[in-house]
$ cat query-v3.cif   # mmCIF, C-alpha atoms
data_final
#
loop_
_atom_site.label_atom_id
_atom_site.label_comp_id
_atom_site.auth_asym_id
_atom_site.auth_seq_id
_atom_site.Cartn_x
_atom_site.Cartn_y
_atom_site.Cartn_z
CA MET P 1 47.21 91.46 110.45
CA PHE P 2 49.85 94.13 110.83
CA ARG P 3 52.64 91.59 110.67
CA PHE P 4 52.98 91.58 106.91
CA PRO P 5 53.59 95.37 106.62
CA LEU P 6 56.00 95.03 109.52
CA PHE P 7 58.11 92.50 107.60
CA ILE P 8 58.13 94.74 104.56
CA ALA P 9 59.20 97.65 106.75
CA ILE P 10 62.04 95.57 108.24
CA THR P 11 63.18 94.57 104.75
CA LEU P 12 63.17 98.15 103.50
CA ILE P 13 64.93 99.54 106.57
CA VAL P 14 67.66 96.90 106.36
CA ALA P 15 68.03 97.39 102.61
CA PHE P 16 68.21 101.18 102.51
CA GLY P 17 69.83 101.77 105.89
CA GLY P 18 72.35 99.00 105.42
CA GLY P 19 73.05 99.84 101.79
CA ILE P 20 73.71 103.51 102.45
CA MET P 21 75.70 102.94 105.64
CA ILE P 22 77.96 100.31 104.13
CA SER P 23 78.57 102.49 101.06
CA LEU P 24 79.56 105.50 103.17
CA TYR P 25 81.73 103.31 105.38
CA ALA P 26 83.47 101.72 102.40
CA LEU P 27 84.17 105.10 100.82
CA ASP P 28 85.59 106.59 104.02
CA ALA P 29 87.60 103.52 104.98
CA THR P 30 89.59 103.06 101.81
CA GLN P 31 90.60 104.76 98.61
CA GLY P 32 89.94 101.55 96.72
CA PHE P 33 91.98 98.55 95.78
CA GLY P 34 95.33 98.76 94.02
CA ALA P 35 97.34 100.20 96.91
CA ILE P 36 101.04 99.61 97.17
CA LYS P 37 102.03 99.24 100.81
CA LEU P 38 105.64 99.70 101.87
CA GLY P 39 105.91 99.43 105.63
CA ALA P 40 103.66 102.11 107.06
CA TRP P 41 103.41 103.95 103.75
CA GLU P 42 100.56 103.51 101.37
CA ALA P 43 100.13 104.84 97.83
CA PHE P 44 97.59 104.50 95.05
CA PRO P 45 99.47 104.80 91.75
CA ALA P 46 96.40 104.17 89.57
CA LEU P 47 93.87 106.29 91.48
CA GLN P 48 93.72 109.05 88.85
CA THR P 49 93.54 106.77 85.82
CA VAL P 50 90.64 105.28 83.93
CA GLU P 51 91.78 101.85 85.18
CA ALA P 52 90.90 102.74 88.78
CA ASP P 53 88.36 100.38 90.31
CA PRO P 54 84.78 101.56 91.00
CA TYR P 55 85.52 102.16 94.71
CA ALA P 56 88.51 104.32 93.84
CA LYS P 57 86.47 106.27 91.30
CA SER P 58 83.67 106.88 93.80
CA HIS P 59 86.14 107.88 96.47
CA ARG P 60 87.96 110.39 94.30
CA ALA P 61 84.68 111.82 92.97
CA ARG P 62 83.56 112.42 96.55
CA ALA P 63 86.87 113.78 97.81
CA GLY P 64 87.33 116.03 94.77
CA LYS P 65 91.09 116.34 95.19
CA LEU P 66 93.48 117.29 92.44
CA LEU P 67 95.46 114.10 92.01
CA TYR P 68 98.97 113.78 90.70
CA GLY P 69 99.36 112.44 87.18
CA SER P 70 101.70 109.51 86.69
CA ALA P 71 104.48 111.72 85.28
CA GLU P 72 104.05 114.25 88.09
CA GLY P 73 104.48 112.35 91.30
CA LEU P 74 103.22 109.77 93.72
CA THR P 75 101.84 110.45 97.20
CA PHE P 76 102.53 108.07 100.05
CA THR P 77 100.46 108.44 103.21
CA ALA P 78 101.20 106.94 106.61
CA SER P 79 98.54 106.89 109.29
CA VAL P 80 100.25 104.22 111.41
CA ASP P 81 103.85 103.61 112.47
CA ASP P 82 105.87 100.54 111.51
CA GLU P 83 104.38 98.58 114.42
CA GLY P 84 100.87 99.38 113.27
CA GLY P 85 99.98 101.86 116.04
CA ARG P 86 97.93 104.87 114.98
CA LEU P 87 100.04 108.06 114.73
CA ASN P 88 99.19 110.24 117.71
CA ALA P 89 100.27 113.78 118.52
CA ASN P 90 101.10 112.71 122.10
CA CYS P 91 103.96 110.56 120.89
CA ARG P 92 107.31 111.15 119.23
CA TYR P 93 108.36 109.49 116.00
CA ARG P 94 111.45 109.17 113.87
CA ILE P 95 111.63 108.81 110.10
CA SER P 96 114.95 107.41 108.97
CA GLY P 97 116.42 105.99 105.83
CA GLN P 98 116.05 106.82 102.17
CA THR P 99 113.21 107.50 99.78
CA PRO P 100 112.86 105.69 96.46
CA PRO P 101 114.55 107.54 93.60
CA ALA P 102 112.82 110.84 92.85
CA ARG P 103 113.91 114.25 91.70
CA LEU P 104 112.35 115.97 94.67
CA TRP P 105 110.23 114.93 97.58
CA THR P 106 108.14 116.75 100.16
CA LEU P 107 107.03 115.55 103.56
CA PHE P 108 104.42 117.21 105.76
CA THR P 109 102.32 116.45 108.80
CA ALA P 110 98.67 116.28 107.83
CA ASP P 111 95.32 116.08 109.56
CA ASN P 112 93.16 113.00 109.13
CA GLY P 113 91.81 114.33 105.86
CA GLY P 114 95.28 114.52 104.35
CA ASN P 115 95.45 118.33 104.37
CA PRO P 116 98.43 120.13 105.91
CA ALA P 117 97.98 120.11 109.68
CA ALA P 118 97.63 123.28 111.70
CA VAL P 119 100.71 123.63 113.90
CA LYS P 120 101.75 126.62 115.99
CA THR P 121 102.83 129.61 113.95
CA GLY P 122 106.50 129.46 113.18
CA HIS P 123 106.81 125.75 113.81
CA PRO P 124 107.94 123.68 110.84
CA SER P 125 105.28 121.32 109.54
CA ALA P 126 106.94 120.42 106.26
CA LEU P 127 110.32 119.41 104.87
CA ASN P 128 111.58 118.64 101.40
CA SER P 129 114.58 117.00 99.80
CA TRP P 130 116.33 120.35 99.41
CA THR P 131 115.97 121.49 103.00
CA VAL P 132 116.48 118.20 104.84
CA LEU P 133 119.83 117.67 106.58
CA ARG P 134 121.52 114.46 105.54
CA GLN P 135 124.09 112.00 106.85
CA PRO P 136 127.31 111.53 104.87
CA ASP P 137 125.71 108.53 103.09
CA SER P 138 122.81 110.81 102.01
CA SER P 139 120.28 109.09 104.26
CA PHE P 140 118.31 111.25 106.66
CA SER P 141 116.65 111.09 110.04
CA ILE P 142 113.69 113.31 110.91
CA GLU P 143 112.35 113.76 114.43
CA ILE P 144 108.59 114.30 114.66
CA SER P 145 107.48 115.63 118.00
CA ALA P 146 105.60 118.45 119.66
CA VAL P 147 108.81 119.75 121.28
CA ALA P 148 111.65 121.18 119.23
CA GLN P 149 114.48 118.77 118.36
CA PRO P 150 117.96 119.31 116.96
CA GLY P 151 118.55 118.29 113.35
CA ASN P 152 115.49 117.69 111.21
CA TRP P 153 112.33 118.43 113.13
CA LEU P 154 108.67 118.34 112.16
CA ALA P 155 106.19 119.86 114.59
CA LEU P 156 102.95 118.13 115.49
CA PRO P 157 99.41 119.42 115.84
CA GLU P 158 98.18 120.09 119.39
CA ALA P 159 96.45 116.76 119.97
CA GLY P 160 94.78 113.85 118.31
CA THR P 161 95.73 111.59 115.49
CA PHE P 162 97.57 112.76 112.41
CA ARG P 163 99.03 111.51 109.18
CA LEU P 164 102.30 111.91 107.36
CA VAL P 165 102.27 112.61 103.65
CA LEU P 166 105.38 111.97 101.56
CA THR P 167 105.15 112.98 97.91
CA LEU P 168 107.76 111.89 95.41
CA PHE P 169 107.96 114.12 92.35
CA ASP P 170 109.10 112.82 88.97
CA THR P 171 109.69 109.32 90.18
CA PRO P 172 109.84 105.98 88.37
CA THR P 173 107.87 104.62 91.34
CA ALA P 174 104.66 106.10 89.94
CA GLY P 175 104.77 103.81 86.95
CA SER P 176 105.31 100.68 89.00
CA SER P 177 102.88 98.33 90.61
CA GLY P 178 105.22 97.55 93.47
CA VAL P 179 107.16 94.97 91.48
CA ILE P 180 110.52 96.70 91.66
CA ASP P 181 112.28 96.76 94.98
CA LEU P 182 111.39 99.98 96.76
CA ALA P 183 112.71 101.05 100.13
CA MET P 184 110.72 103.65 102.02
CA PRO P 185 112.07 105.35 105.12
CA LYS P 186 111.32 103.66 108.43
CA LEU P 187 108.75 105.25 110.72
CA THR P 188 109.36 104.30 114.34
CA LYS P 189 107.81 105.47 117.58
CA THR P 190 110.43 106.73 120.00
CA GLY P 191 108.22 107.42 122.99
CA CYS P 192 104.98 108.83 124.28
CA GLY P 193 103.96 111.51 126.72
CA ASN P 194 106.77 112.84 128.89
CA ALA P 195 108.58 109.53 129.14
CA MET W 1 60.48 84.08 113.88
CA LEU W 2 61.50 82.51 110.59
CA ARG W 3 59.64 85.27 108.79
CA ILE W 4 61.67 87.97 110.51
CA PHE W 5 64.80 86.12 109.47
CA PHE W 6 63.61 86.04 105.86
CA ALA W 7 62.68 89.71 106.01
CA ILE W 8 66.19 90.60 107.22
CA LEU W 9 67.79 88.32 104.64
CA THR W 10 65.83 89.97 101.84
CA GLY W 11 66.84 93.31 103.29
CA LEU W 12 70.50 92.33 103.19
CA PHE W 13 70.22 91.35 99.54
CA GLY W 14 68.61 94.71 98.88
CA ALA W 15 71.41 96.43 100.81
CA ALA W 16 74.07 94.69 98.72
CA LEU W 17 72.28 95.68 95.53
CA LEU W 18 71.90 99.27 96.67
CA HIS W 19 75.58 99.35 97.64
CA LEU W 20 76.56 98.35 94.10
CA VAL W 21 74.24 100.93 92.60
CA ILE W 22 75.60 103.68 94.86
CA ILE W 23 79.26 102.84 94.24
CA LEU W 24 78.86 102.55 90.47
CA SER W 25 76.70 105.63 90.00
CA LEU W 26 78.27 107.98 92.57
CA PRO W 27 81.01 109.36 90.26
CA HIS W 28 78.30 110.68 87.90
CA PHE W 29 76.39 112.84 90.33
CA THR W 30 78.46 113.83 93.36
CA GLY W 31 78.82 117.44 92.19
CA ARG W 32 81.96 117.55 94.33
CA ASP W 33 84.42 115.90 91.99
CA ALA W 34 87.59 117.63 90.87
CA ALA W 35 86.25 118.51 87.39
CA THR W 36 83.22 120.31 88.85
CA ARG W 37 85.37 122.17 91.35
CA VAL W 38 87.81 123.32 88.70
CA GLU W 39 84.91 124.49 86.56
CA ALA W 40 83.57 126.47 89.52
CA GLU W 41 86.85 128.44 89.69
CA GLY W 42 85.74 130.73 86.89
CA ASP W 43 85.74 131.12 83.13
CA LEU W 44 86.98 128.49 80.75
CA ASN W 45 90.45 128.69 79.21
CA ASN W 46 92.13 130.52 82.01
CA PHE W 47 94.60 129.30 84.61
CA TYR W 48 93.50 130.06 88.16
CA LEU W 49 96.07 130.04 90.93
CA LEU W 50 95.15 128.11 94.05
CA ALA W 51 95.96 129.16 97.59
CA ASP W 52 97.12 127.14 100.58
CA ARG W 53 93.64 127.37 102.05
CA TYR W 54 90.54 125.96 100.41
CA ASP W 55 88.85 128.51 98.19
CA GLU W 56 85.12 128.76 97.54
CA ALA W 57 85.31 126.10 94.84
CA GLY W 58 86.88 123.70 97.35
CA LEU W 59 90.37 123.52 95.91
CA ALA W 60 93.75 124.15 97.52
CA ASN W 61 97.42 123.52 96.85
CA GLY W 62 97.34 120.53 99.17
CA ASP W 63 101.08 120.51 99.83
CA PRO W 64 103.03 123.32 101.53
CA PHE W 65 105.68 123.37 98.78
CA VAL W 66 103.45 122.91 95.75
CA ARG W 67 101.98 125.83 93.82
CA THR W 68 99.06 124.91 91.62
CA ALA W 69 97.06 126.49 88.83
CA VAL W 70 94.00 124.90 87.27
CA CYS W 71 92.27 125.53 83.96
CA SER W 72 88.96 124.16 82.76
CA PHE W 73 88.68 123.89 78.99
CA ASP W 74 86.42 122.79 76.19
CA ILE W 75 87.81 121.81 72.78
CA GLU W 76 84.47 121.81 71.00
CA ASP W 77 85.30 124.98 69.04
CA GLY W 78 89.02 124.40 68.67
CA PRO W 79 92.05 122.89 70.33
CA VAL W 80 93.51 124.38 73.49
CA HIS W 81 97.13 125.41 73.70
CA PHE W 82 98.96 125.22 77.05
CA THR W 83 102.09 127.30 77.34
CA ALA W 84 104.38 128.30 80.18
CA LYS W 85 108.02 128.96 80.73
CA GLY W 86 110.09 130.20 83.57
CA ASN W 87 112.96 129.51 85.86
CA VAL W 88 111.46 127.04 88.32
CA PRO W 89 113.11 123.92 89.75
CA PHE W 90 110.26 121.67 88.71
CA TRP W 91 106.97 121.88 86.90
CA SER W 92 104.44 119.33 85.80
CA ILE W 93 101.12 119.35 84.00
CA ALA W 94 98.34 116.81 84.00
CA ILE W 95 95.35 116.90 81.68
CA TYR W 96 92.17 115.19 82.83
CA ASP W 97 88.88 114.56 81.08
CA SER W 98 85.53 115.55 82.58
CA ALA W 99 85.35 112.25 84.49
CA SER W 100 88.65 113.18 86.21
CA ASN W 101 90.57 110.43 84.42
CA GLU W 102 94.13 111.24 83.50
CA VAL W 103 94.57 111.78 79.76
CA PHE W 104 98.15 113.02 79.71
CA SER W 105 100.82 114.14 82.13
CA MET W 106 104.38 115.32 81.80
CA ASN W 107 107.04 117.23 83.67
CA ASP W 108 109.81 119.61 82.69
CA ARG W 109 112.35 116.82 82.10
CA THR W 110 110.29 115.48 79.22
CA SER W 111 109.66 118.90 77.68
CA VAL W 112 111.43 120.59 74.78
CA GLY W 113 113.87 123.12 76.18
CA GLY W 114 112.17 123.25 79.56
CA ALA W 115 109.10 125.11 78.32
CA LEU W 116 105.52 123.91 78.46
CA ASP W 117 104.07 123.61 74.96
CA VAL W 118 101.13 121.21 74.78
CA LEU W 119 98.11 121.27 72.51
CA ALA W 120 94.99 119.31 73.42
CA GLY W 121 92.45 118.67 70.71
CA GLY W 122 89.94 116.22 69.33
CA PRO W 123 91.04 113.49 66.91
CA ILE W 124 89.69 115.32 63.84
CA GLN W 125 91.14 118.69 64.87
CA LEU W 126 94.56 117.15 65.38
CA THR W 127 94.45 115.31 62.04
CA ASP W 128 93.64 118.60 60.32
CA LEU W 129 96.49 120.32 62.14
CA ARG W 130 99.01 117.60 61.36
CA LYS W 131 98.34 117.92 57.63
CA ASN W 132 99.76 121.41 57.69
CA LEU W 133 101.43 122.01 61.03
CA PRO W 134 101.66 125.74 61.81
CA GLN W 135 105.07 127.15 62.58
CA GLU W 136 104.25 127.85 66.24
CA LEU W 137 103.28 124.22 66.84
CA GLN W 138 106.43 122.65 65.41
CA GLN W 139 107.66 121.70 68.87
CA ALA W 140 104.31 121.29 70.58
CA ILE W 141 103.17 117.98 72.02
CA LEU W 142 99.78 117.08 70.58
CA VAL W 143 97.39 115.38 72.99
CA GLU W 144 94.27 113.68 71.72
CA MET W 145 91.15 114.10 73.84
CA ALA W 146 88.41 111.51 73.44
CA ARG W 147 85.89 113.81 75.12
CA PRO W 148 85.61 117.54 74.44
CA ASP W 149 85.76 118.94 77.97
CA GLY W 150 88.33 118.52 80.67
CA TYR W 151 90.72 120.35 82.93
CA ALA W 152 94.43 120.85 83.27
CA VAL W 153 96.46 121.09 86.46
CA LEU W 154 99.79 122.89 86.28
CA ARG W 155 102.07 122.51 89.27
CA THR W 156 105.40 123.87 90.26
CA LEU W 157 107.45 123.57 93.42
CA ALA W 158 108.84 126.20 95.73
CA PRO W 159 111.17 124.15 97.98
CA GLN W 160 112.35 127.34 99.69
CA ALA W 161 110.67 130.68 100.27
CA SER W 162 112.95 132.37 97.74
CA PHE W 163 111.33 130.34 94.95
CA ASN W 164 107.85 131.68 95.70
CA GLU W 165 108.07 134.60 93.32
CA ALA W 166 109.43 132.53 90.43
CA ALA W 167 106.70 129.96 91.00
CA ARG W 168 104.02 132.63 91.09
CA ASN W 169 105.32 134.25 87.89
CA PHE W 170 105.50 130.89 86.17
CA LEU W 171 101.87 130.13 86.99
CA THR W 172 100.43 133.59 86.31
CA GLU W 173 102.11 133.76 82.91
CA ALA W 174 100.97 130.28 81.94
CA GLY W 175 98.55 130.19 79.03
CA CYS W 176 95.52 127.99 78.50
CA GLU W 177 94.11 129.46 75.31
CA GLN W 178 92.04 128.32 72.43
CA PHE W 179 94.32 127.79 69.46
CA THR W 180 93.45 129.51 66.22
CA ALA W 181 95.74 128.99 63.24
CA ARG W 182 96.97 132.24 61.79
#

$ encode --input "query-v3.cif" --output "structure tokens"
Amino acid sequence: MFRFPLFIAITLIVAFGGGIMISLYALDATQGFGAIKLGAWEAFPALQTVEADPYAKSHRARAGKLLYGSAEGLTFTASVDDEGGRLNANCRYRISGQTPPARLWTLFTADNGGNPAAVKTGHPSALNSWTVLRQPDSSFSIEISAVAQPGNWLALPEAGTFRLVLTLFDTPTAGSSGVIDLAMPKLTKTGCGNA
Amino acid sequence: MLRIFFAILTGLFGAALLHLVIILSLPHFTGRDAATRVEAEGDLNNFYLLADRYDEAGLANGDPFVRTAVCSFDIEDGPVHFTAKGNVPFWSIAIYDSASNEVFSMNDRTSVGGALDVLAGGPIQLTDLRKNLPQELQQAILVEMARPDGYAVLRTLAPQASFNEAARNFLTEAGCEQFTAR
């Protein structure tokens, strides 16, 4: 005689537990649809607009970040390298190439929440288009490692996974949906550990 | 056995329904969205400078080279005039409504003479103003707000440490004031 309440209990647990869990998972896993992916880099040009999809709107309402307007800039985030491996502070990486046209850009190492990562005091964790050293053809190559490197160097947090955030300011890219041909810099792993 | 299967199946339908309800209604009651945080910075109609670390309202610059100021405003009693000028390499402003949707954004390249001069108002307020545009608004960009409350984010860049002071001056002298025709 207790079987009927048991079935109702199962139904309710699955409904509420599952519903809440899947919602939290969906909101943490993605910032919504409408991403433009260029190699390892990912951006959401419509995240701050009224056209953003319901997932994007929920995500941004929960994160509460100040987003860039379409005339301000566009933020690209990389959490994996070009081969798809998660960025890890034990490894060394190289960013090389060119950014899409923009008046200025900034690049910084970030924690998994997208905030500037805590590196040792005095170590550089950010670069921008004014301070980066360039090749004669105006392309650049940036070494990302825990140990200091000659040329352009970005320091890494002590351990764990991290992200790279590249923001283009005043860029025609922000108004595009990925239709025009955009070339983002390559992000390659050059080694891990002491090897 | 079949009954357990049906119970779980019903549960899954319920879960899907609940998921939709959560996703669609979450933006209205998180209490953590950008508009609420900007409002928590302080009084209306005043630009507040953000720091590199999260303040009590939960806002930060978010980028080591970006300097940000935020202003929460309400145009119920009159339009709001945003002004700023200074010698900075880049500035940009974005105006959002209370649901954190972008209403308007611009940067210094699209400004008149490099100075920020934007007026946000309701449709009726702006129509009244346009009939007899005051002298000080001749060059202003008029932005129509569908909803009365919102917030503005003013950003500038300090690509090198020597730009910090200019950026700070630019943001502290920026105005976010209710406009009253003289």

$ atom_distance --input "query-v3.cif" --atom1 "atom CA of W:Gly78" --atom2 "atom CA of W:Asn45"
11.5 Å

$ resolve_selection --input "query-v3.cif" --expression "the PyMOL selection byres ((chain P) within 6 of (chain W))" --output "list in words"
Phe7, Thr11, Val14, Ala15, Phe16, Gly18, Gly19, Ser23, Gln48, Thr49, Val50, Ser58, Ala61, Arg62, Gly64, Lys65, Gly69, Ala71, Glu72 and Asn115 of chain P

$ residues_near_point --input "query-v3.cif" --point "(104.2, 121.1, 71.6)" --cutoff "8 Å" --atoms "all atoms listed in the file" --output "list in words"
Val112, Leu116, Asp117, Val118, Leu119, Leu137, Gln138, Gln139, Ala140, Ile141 and Leu142 of chain W

$ atom_distance --input "query-v3.cif" --atom1 "atom CA of P:Lys57" --atom2 "atom CA of P:Gly32"
8.0 Å

$ atom_distance --input "query-v3.cif" --atom1 "atom CA of P:Glu158" --atom2 "atom CA of P:Thr131"
24.2 Å

$ resolve_selection --input "query-v3.cif" --expression "the PyMOL selection byres ((chain P and resi 42) around 6)" --output "PyMOL selection string"
chain P and resi 36-37+41+43+76-77

$ write_last_selection --input "query-v3.cif" --atoms "C-alpha atoms" --output "short mmCIF file (atom, residue, chain, number, x, y, z; two decimals), keeping the file's coordinate frame"
data_model
loop_
_atom_site.label_atom_id
_atom_site.label_comp_id
_atom_site.auth_asym_id
_atom_site.auth_seq_id
_atom_site.Cartn_x
_atom_site.Cartn_y
_atom_site.Cartn_z
CA ILE P 36 101.04 99.61 97.17
CA LYS P 37 102.03 99.24 100.81
CA TRP P 41 103.41 103.95 103.75
CA ALA P 43 100.13 104.84 97.83
CA PHE P 76 102.53 108.07 100.05
CA THR P 77 100.46 108.44 103.21
#

$ resolve_selection --input "query-v3.cif" --expression "the PyMOL selection byres ((chain P and resi 123) around 9)" --output "VMD selection string"
chain P and resid 119 to 122 124 to 125 148 154 to 156

$ residues_around --input "query-v3.cif" --residues "P:Arg103" --least-positions-apart "6" --cutoff "9 Å" --atoms "all atoms listed in the file" --output "PyMOL selection string"
(chain P and resi 129+168-171) or (chain W and resi 90)

$ residues_near_point --input "query-v3.cif" --point "(110.3, 102.0, 109.6)" --cutoff "7 Å" --atoms "all atoms listed in the file" --output "JSON, numbers by chain"
{"P": [39, 82, 95, 185, 186, 187, 188]}

$ closest_residue --input "query-v3.cif" --among "W:Arg67, W:Val143, W:Ala51, W:Ala57" --to "W:Ala161" --atoms "all atoms listed in the file"
W:Arg67

$ decode --input "query-v3.cif" --residues "stretch 77-106 of chain W" --atoms "C-alpha atoms" --output "compact mmCIF listing (two decimals), in the first residue's frame"
# COMPACT_ATOMS: atom_id res chain seq x y z
CA ASP W 77 11.82 62.87 -14.03
CA GLY W 78 13.95 64.01 -16.94
CA PRO W 79 16.56 62.90 -19.43
CA VAL W 80 20.09 62.08 -18.33
CA HIS W 81 23.09 63.78 -19.88
CA PHE W 82 26.40 61.89 -20.14
CA THR W 83 29.47 64.03 -20.60
CA ALA W 84 33.20 63.41 -20.49
CA LYS W 85 36.29 64.64 -22.20
CA GLY W 86 39.95 64.09 -21.78
CA ASN W 87 43.14 62.99 -23.40
CA VAL W 88 42.79 59.21 -23.38
CA PRO W 89 43.74 56.81 -26.18
CA PHE W 90 40.33 55.20 -26.24
CA TRP W 91 36.99 55.50 -24.55
CA SER W 92 33.65 53.86 -25.04
CA ILE W 93 30.23 54.04 -23.46
CA ALA W 94 27.42 51.53 -23.45
CA ILE W 95 23.91 52.23 -22.19
CA TYR W 96 21.85 49.30 -20.98
CA ASP W 97 18.25 49.05 -19.85
CA SER W 98 17.24 47.49 -16.53
CA ALA W 99 17.17 44.02 -18.12
CA SER W 100 20.86 44.48 -19.06
CA ASN W 101 20.09 44.67 -22.78
CA GLU W 102 22.25 47.01 -24.79
CA VAL W 103 20.37 50.14 -25.87
CA PHE W 104 23.24 52.14 -27.31
CA SER W 105 27.01 52.01 -27.49
CA MET W 106 29.66 54.16 -29.06
